[in-house]
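Raw protein07.cif, mmCIF, C-alpha atoms and all ligand atoms:
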data_entry
#
loop_
_atom_site.label_atom_id
_atom_site.label_comp_id
_atom_site.auth_asym_id
_atom_site.auth_seq_id
_atom_site.Cartn_x
_atom_site.Cartn_y
_atom_site.Cartn_z
CA MET A 16 6.25 -10.30 14.04
CA ILE A 17 8.58 -7.60 12.73
CA LYS A 18 11.82 -7.77 14.68
CA GLN A 19 14.07 -5.98 12.24
CA ALA A 20 13.52 -3.63 9.31
CA LYS A 21 16.29 -2.20 7.20
CA PHE A 22 16.40 -0.07 4.10
CA VAL A 23 17.93 -1.84 1.09
CA ILE A 24 17.64 0.27 -2.08
CA SER A 25 15.54 2.85 -3.91
CA ASN A 26 15.27 2.89 -7.65
CA THR A 27 13.03 3.55 -10.61
CA ASP A 28 13.64 0.31 -12.47
CA TYR A 29 12.27 -3.06 -11.40
CA ARG A 30 15.32 -4.74 -12.98
CA LYS A 31 17.53 -3.05 -10.38
CA CYS A 32 15.45 -4.27 -7.44
CA PRO A 33 17.09 -6.82 -5.09
CA ALA A 34 17.26 -10.38 -6.41
CA PRO A 35 13.76 -11.84 -6.03
CA THR A 36 14.86 -14.49 -3.57
CA LYS A 37 12.45 -13.61 -0.76
CA PRO A 38 8.70 -13.12 -0.63
CA GLU A 39 7.70 -9.54 -1.27
CA PHE A 40 4.79 -7.39 -0.07
CA ALA A 41 4.25 -3.96 -1.62
CA PHE A 42 2.24 -0.95 -0.48
CA ILE A 43 0.58 1.58 -2.75
CA GLY A 44 -2.25 4.09 -2.63
CA ARG A 45 -3.31 7.62 -3.30
CA SER A 46 -0.87 10.24 -2.17
CA ASN A 47 -1.63 11.20 1.45
CA VAL A 48 -3.62 8.02 2.11
CA GLY A 49 -1.37 7.26 5.10
CA LYS A 50 1.04 4.80 3.48
CA SER A 51 4.22 6.03 5.18
CA SER A 52 2.45 6.16 8.54
CA LEU A 53 1.19 2.60 8.07
CA ILE A 54 4.64 1.29 7.09
CA ASN A 55 6.19 2.97 10.12
CA MET A 56 3.47 1.55 12.36
CA LEU A 57 3.89 -1.98 11.01
CA THR A 58 7.67 -1.89 11.37
CA ASN A 59 7.72 -0.08 14.74
CA HIS A 60 9.82 2.69 13.20
CA LYS A 61 9.28 6.39 13.58
CA ASN A 62 10.73 7.21 10.22
CA LEU A 63 11.42 4.18 8.05
CA ALA A 64 9.14 5.51 5.36
CA LYS A 65 9.19 9.28 5.17
CA ILE A 66 5.88 10.86 6.08
CA SER A 67 5.35 13.00 3.05
CA GLY A 68 5.17 16.73 3.40
CA LYS A 69 4.89 17.09 -0.34
CA PRO A 70 2.35 14.77 -1.92
CA GLY A 71 3.72 12.76 -4.77
CA LYS A 72 7.31 13.79 -4.26
CA THR A 73 8.88 10.37 -3.93
CA GLN A 74 8.81 8.61 -7.26
CA LEU A 75 10.88 5.61 -6.29
CA ILE A 76 10.45 1.93 -5.59
CA ASN A 77 11.79 1.59 -2.02
CA HIS A 78 12.87 -1.83 -0.79
CA PHE A 79 13.14 -2.74 2.89
CA GLU A 80 14.24 -6.12 4.21
CA ILE A 81 12.25 -7.44 7.15
CA ASN A 82 13.64 -9.99 9.62
CA ASP A 83 16.10 -11.00 6.85
CA ASN A 84 13.31 -13.08 5.32
CA TRP A 85 10.94 -10.90 3.30
CA PHE A 86 10.85 -7.62 1.41
CA MET A 87 8.54 -4.74 2.13
CA VAL A 88 8.19 -2.31 -0.76
CA ASP A 89 7.02 1.27 -0.52
CA LEU A 90 5.72 2.29 -3.94
CA PRO A 91 5.11 5.91 -4.91
CA GLY A 92 1.56 7.16 -4.45
CA TYR A 93 -0.83 7.93 -7.27
CA GLY A 94 -3.54 10.49 -7.80
CA PHE A 95 -1.80 13.69 -6.78
CA ALA A 96 -3.27 16.68 -8.55
CA LYS A 97 -0.33 18.80 -9.55
CA VAL A 98 1.87 16.60 -11.65
CA SER A 99 2.58 16.86 -15.32
CA LYS A 100 1.50 14.31 -17.89
CA SER A 101 5.09 13.16 -18.30
CA ILE A 102 5.52 12.46 -14.58
CA LYS A 103 2.24 10.54 -14.64
CA ASN A 104 3.38 8.49 -17.62
CA THR A 105 6.74 7.76 -15.99
CA TRP A 106 4.94 6.64 -12.81
CA GLU A 107 2.58 4.39 -14.75
CA LYS A 108 5.39 2.72 -16.66
CA MET A 109 7.53 2.22 -13.55
CA ILE A 110 4.68 0.79 -11.49
CA SER A 111 3.18 -1.39 -14.19
CA ASP A 112 6.62 -2.79 -15.09
CA TYR A 113 7.34 -3.51 -11.44
CA LEU A 114 3.96 -5.08 -10.68
CA THR A 115 3.79 -7.24 -13.78
CA ASN A 116 7.42 -8.43 -13.65
CA ARG A 117 8.23 -8.94 -10.00
CA ASP A 118 8.03 -12.71 -9.65
CA ASN A 119 8.34 -12.80 -5.86
CA LEU A 120 5.43 -10.39 -5.24
CA VAL A 121 3.08 -12.22 -2.89
CA ALA A 122 0.61 -9.40 -2.30
CA LEU A 123 0.10 -5.76 -3.16
CA PHE A 124 -1.59 -3.84 -0.36
CA VAL A 125 -3.73 -1.12 -1.91
CA LEU A 126 -4.43 1.55 0.67
CA VAL A 127 -7.81 3.26 0.65
CA ASP A 128 -8.83 6.16 2.89
CA SER A 129 -11.62 4.89 5.15
CA ARG A 130 -13.06 8.40 5.45
CA LEU A 131 -14.05 8.66 1.82
CA ASP A 132 -16.72 7.32 -0.47
CA PRO A 133 -15.31 4.98 -3.13
CA GLN A 134 -12.91 7.02 -5.25
CA PRO A 135 -12.80 6.39 -9.02
CA ILE A 136 -8.99 6.48 -9.03
CA ASP A 137 -8.76 3.64 -6.47
CA LEU A 138 -11.36 1.59 -8.33
CA GLU A 139 -9.55 2.17 -11.63
CA PHE A 140 -6.28 1.08 -10.10
CA ILE A 141 -7.63 -2.17 -8.62
CA THR A 142 -9.46 -2.88 -11.88
CA TRP A 143 -6.10 -2.66 -13.62
CA CYS A 144 -4.62 -4.98 -10.95
CA GLY A 145 -7.39 -7.50 -11.55
CA GLN A 146 -6.88 -7.36 -15.32
CA HIS A 147 -3.17 -8.03 -14.87
CA GLY A 148 -3.50 -10.77 -12.27
CA ILE A 149 -1.81 -8.76 -9.52
CA PRO A 150 -2.72 -10.31 -6.14
CA PHE A 151 -4.00 -7.35 -4.15
CA VAL A 152 -5.46 -6.84 -0.68
CA ILE A 153 -7.22 -3.66 0.42
CA ILE A 154 -6.09 -1.79 3.53
CA PHE A 155 -8.53 0.86 4.71
CA THR A 156 -6.53 3.56 6.54
CA LYS A 157 -7.18 6.24 9.18
CA SER A 158 -10.04 4.38 10.86
CA ASP A 159 -9.56 6.50 14.00
CA LYS A 160 -10.65 9.60 12.11
CA GLN A 161 -14.34 8.81 12.44
CA GLY A 162 -16.70 6.53 14.33
CA LYS A 163 -16.81 2.78 13.67
CA SER A 164 -20.18 2.88 11.95
CA LYS A 165 -19.02 5.54 9.47
CA THR A 166 -15.89 3.48 8.73
CA ASN A 167 -17.96 0.34 8.23
CA GLN A 168 -20.34 2.21 5.96
CA ASN A 169 -17.49 3.43 3.74
CA VAL A 170 -15.87 -0.01 3.73
CA SER A 171 -19.16 -1.60 2.67
CA LYS A 172 -19.63 0.90 -0.13
CA PHE A 173 -16.13 0.20 -1.41
CA LEU A 174 -16.57 -3.57 -1.21
CA ASP A 175 -19.90 -3.25 -3.07
CA GLU A 176 -18.07 -1.50 -5.89
CA CYS A 177 -15.50 -4.32 -5.91
CA VAL A 178 -18.28 -6.90 -6.20
CA LYS A 179 -19.63 -4.97 -9.21
CA ILE A 180 -16.19 -5.08 -10.83
CA PHE A 181 -14.93 -8.54 -9.87
CA GLY A 182 -18.03 -10.45 -8.81
CA GLU A 183 -16.57 -10.82 -5.32
CA ALA A 184 -15.11 -8.72 -2.52
CA PRO A 185 -11.33 -8.72 -2.04
CA GLN A 186 -9.61 -9.54 1.21
CA TYR A 187 -9.28 -6.40 3.34
CA PHE A 188 -8.06 -4.93 6.62
CA ILE A 189 -9.16 -1.87 8.54
CA THR A 190 -6.24 0.03 10.08
CA SER A 191 -5.18 3.11 11.96
CA ALA A 192 -1.58 4.29 12.29
CA GLN A 193 -2.78 6.39 15.20
CA ASN A 194 -4.09 3.60 17.46
CA ALA A 195 -2.56 0.55 15.70
CA GLU A 196 -5.93 -0.97 14.81
CA GLY A 197 -5.37 -3.81 12.33
CA LYS A 198 -1.61 -3.96 12.87
CA GLU A 199 -1.50 -7.53 14.19
CA ASP A 200 -3.94 -8.74 11.52
CA VAL A 201 -1.84 -7.35 8.65
CA ILE A 202 1.35 -8.80 10.14
CA ALA A 203 -0.35 -12.16 10.72
CA PHE A 204 -1.45 -12.18 7.07
CA ILE A 205 2.13 -11.57 5.94
CA ASP A 206 3.64 -14.04 8.42
CA ASN A 207 1.25 -16.66 7.18
CA GLU A 208 2.62 -16.26 3.64
CA VAL A 209 6.27 -16.17 4.65
CA ILE A 210 8.04 -19.39 5.48
CA GLU A 211 10.41 -18.61 8.32
P1 LIG B 301 1.36 9.03 2.44
O1 LIG B 301 1.48 10.22 1.56
O2 LIG B 301 0.34 8.06 1.93
O3 LIG B 301 2.65 8.36 2.80
O4 LIG B 301 0.67 9.55 3.80
P2 LIG B 301 1.33 9.90 5.20
O5 LIG B 301 1.64 8.67 5.98
O6 LIG B 301 2.43 10.88 4.97
O7 LIG B 301 0.08 10.54 5.95
C1 LIG B 301 -0.59 11.69 5.44
C2 LIG B 301 -1.19 12.45 6.60
O8 LIG B 301 -2.21 11.67 7.24
C3 LIG B 301 -0.18 12.78 7.70
O9 LIG B 301 -0.51 14.06 8.22
C4 LIG B 301 -0.39 11.70 8.74
O10 LIG B 301 -0.04 12.10 10.04
C5 LIG B 301 -1.89 11.45 8.62
N1 LIG B 301 -2.24 10.05 8.95
C6 LIG B 301 -1.74 8.94 8.36
N2 LIG B 301 -2.29 7.82 8.88
C7 LIG B 301 -3.15 8.23 9.84
C8 LIG B 301 -4.02 7.52 10.74
O11 LIG B 301 -4.14 6.30 10.78
N3 LIG B 301 -4.76 8.30 11.60
C9 LIG B 301 -4.71 9.65 11.60
N4 LIG B 301 -5.49 10.32 12.46
N5 LIG B 301 -3.90 10.35 10.76
C10 LIG B 301 -3.12 9.65 9.89
#

This entry written out as structure tokens:
Amino acid sequence: MIKQAKFVISNTDYRKCPAPTKPEFAFIGRSNVGKSSLINMLTNHKNLAKISGKPGKTQLINHFEINDNWFMVDLPGYGFAKVSKSIKNTWEKMISDYLTNRDNLVALFVLVDSRLDPQPIDLEFITWCGQHGIPFVIIFTKSDKQGKSKTNQNVSKFLDECVKIFGEAPQYFITSAQNAEGKEDVIAFIDNEVIE
């Protein structure tokens, strides 16, 4: 259960992140996938993570401390159309440095829009995660936006692509920030990994 959530620090350098003394769970996904909405839903906050008006604006690693015993990390989104090559390179370096060096990272939640067919950019990103041994879990977002069968169809297609890449399907959750579907399951997954 999330009883308390507080902002700790934002920065661009994994070396300036809080001391890695607590288990950490990070969230990433395509810009506009619903990451801020999901973080706010999970933490029962209206505005812990800023719901982005401008896709791709926040280029920071944002640390929150939950219940004084684990870190939640809001990572900047990828895949926004209108950014320059240099911003993209800066993002890639910041994220890859963070993900490959953060010793206390228990799981990276990769958010995927449940309305869409498998997107190459998401598949490329999780392929990279697999190659670098990053422990990731998929969170399908915005499930309320269409009927259950359409969601399940898109989830299946995505998992099929994962099987092609990895030989097995990753762990996943189906969520909605609108009606809180999946909220308890995601929190239970985290709680299970965190020793109180
Ligand atoms: P971010 O860029 O990934 O942080 O995405 P946001 O959380 O800012 O969400 C992008 C847009 O999708 C906003 O207009 C949200 O209100 C909307 N949105 C996010 N999650 C959901 C959801 O679960 N259901 C619905 N219906 N809309 C959502």

Spatial sel., origin (6.7, -16.5, -1.7), limit 12 Å, all atoms listed in the file, listed as an NGL selection string:
:A and (35-40 or 84-86 or 117-122 or 205-211)

Kindly provide, as a ChimeraX atom specification, the polymer residues lying within 7 Å of (6.9, -4.9, 13.4), counting all atoms listed in the file and using the coordinates exactly as they appear in the file.
/A:16-18,57-59

Could you please extract the residues within 7 Å of ligand LIG 301 (chain B), counting all atoms listed in the file, and hand them back as a ChimeraX atom specification?
/A:44-53,65-68,70,92,156-160,190-193

Could you please determine the separation between atom CA of A:Ile136 and atom CA of A:Gly94 in Å, to one decimal place?
6.9 Å

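From atom CA of A:Phe204 back to atom CA of A:Asn169, the distance works out to 22.6 Å.
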
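Interatomic distance, atom CA of A:Asp89 against atom CA of A:Thr166: 24.8 Å.
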
Keeping just C-alpha atoms, export stretch 74-138 of chain A of this structure as an mmCIF file, in the first residue's frame.
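Listing of decode_3.cif after writing:
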data_model
loop_
_atom_site.group_PDB
_atom_site.id
_atom_site.type_symbol
_atom_site.label_atom_id
_atom_site.label_comp_id
_atom_site.auth_asym_id
_atom_site.auth_seq_id
_atom_site.Cartn_x
_atom_site.Cartn_y
_atom_site.Cartn_z
ATOM 1 C CA GLN A 74 14.123 15.435 -19.489
ATOM 2 C CA LEU A 75 14.908 14.583 -15.897
ATOM 3 C CA ILE A 76 15.224 11.561 -13.667
ATOM 4 C CA ASN A 77 12.660 12.260 -10.924
ATOM 5 C CA HIS A 78 12.972 10.444 -7.616
ATOM 6 C CA PHE A 79 10.088 10.012 -5.176
ATOM 7 C CA GLU A 80 10.321 8.242 -1.836
ATOM 8 C CA ILE A 81 7.401 5.986 -0.983
ATOM 9 C CA ASN A 82 6.481 5.052 2.601
ATOM 10 C CA ASP A 83 10.112 5.874 3.516
ATOM 11 C CA ASN A 84 11.083 2.441 2.205
ATOM 12 C CA TRP A 85 11.357 2.458 -1.582
ATOM 13 C CA PHE A 86 12.028 4.815 -4.468
ATOM 14 C CA MET A 87 9.697 5.448 -7.355
ATOM 15 C CA VAL A 88 11.405 6.974 -10.381
ATOM 16 C CA ASP A 89 9.702 8.885 -13.157
ATOM 17 C CA LEU A 90 11.954 8.715 -16.213
ATOM 18 C CA PRO A 91 11.517 10.996 -19.216
ATOM 19 C CA GLY A 92 9.461 9.592 -22.068
ATOM 20 C CA TYR A 93 10.857 8.526 -25.412
ATOM 21 C CA GLY A 94 9.591 8.633 -28.951
ATOM 22 C CA PHE A 95 8.369 12.194 -29.235
ATOM 23 C CA ALA A 96 8.508 13.420 -32.801
ATOM 24 C CA LYS A 97 9.818 16.939 -32.604
ATOM 25 C CA VAL A 98 13.127 16.719 -30.832
ATOM 26 C CA SER A 99 16.548 17.315 -32.232
ATOM 27 C CA LYS A 100 19.189 14.639 -32.631
ATOM 28 C CA SER A 101 21.193 16.156 -29.785
ATOM 29 C CA ILE A 102 18.262 15.984 -27.350
ATOM 30 C CA LYS A 103 17.702 12.376 -28.392
ATOM 31 C CA ASN A 104 21.365 11.544 -27.820
ATOM 32 C CA THR A 105 21.348 13.259 -24.425
ATOM 33 C CA TRP A 106 18.227 11.287 -23.452
ATOM 34 C CA GLU A 107 19.760 7.999 -24.571
ATOM 35 C CA LYS A 108 22.953 8.578 -22.623
ATOM 36 C CA MET A 109 21.130 9.693 -19.474
ATOM 37 C CA ILE A 110 18.702 6.767 -19.533
ATOM 38 C CA SER A 111 21.201 4.088 -20.485
ATOM 39 C CA ASP A 112 23.653 5.309 -17.813
ATOM 40 C CA TYR A 113 20.899 5.321 -15.214
ATOM 41 C CA LEU A 114 19.475 1.909 -16.139
ATOM 42 C CA THR A 115 22.801 0.127 -16.412
ATOM 43 C CA ASN A 116 24.349 1.649 -13.267
ATOM 44 C CA ARG A 117 21.557 1.880 -10.731
ATOM 45 C CA ASP A 118 22.301 -1.072 -8.462
ATOM 46 C CA ASN A 119 19.095 -0.864 -6.436
ATOM 47 C CA LEU A 120 16.779 -0.977 -9.482
ATOM 48 C CA VAL A 121 14.402 -3.865 -8.839
ATOM 49 C CA ALA A 122 12.151 -3.380 -11.854
ATOM 50 C CA LEU A 123 11.639 -1.015 -14.749
ATOM 51 C CA PHE A 124 7.981 -0.650 -15.700
ATOM 52 C CA VAL A 125 7.776 -0.066 -19.440
ATOM 53 C CA LEU A 126 4.443 1.518 -20.273
ATOM 54 C CA VAL A 127 2.741 0.548 -23.510
ATOM 55 C CA ASP A 128 -0.474 2.083 -24.863
ATOM 56 C CA SER A 129 -3.100 -0.682 -24.879
ATOM 57 C CA ARG A 130 -4.932 0.998 -27.767
ATOM 58 C CA LEU A 131 -2.150 0.464 -30.262
ATOM 59 C CA ASP A 132 -0.691 -2.357 -32.284
ATOM 60 C CA PRO A 133 2.866 -3.214 -31.212
ATOM 61 C CA GLN A 134 4.998 -0.142 -31.844
ATOM 62 C CA PRO A 135 8.557 -0.607 -33.151
ATOM 63 C CA ILE A 136 9.908 1.991 -30.716
ATOM 64 C CA ASP A 137 8.581 0.069 -27.686
ATOM 65 C CA LEU A 138 9.893 -3.231 -29.040
#
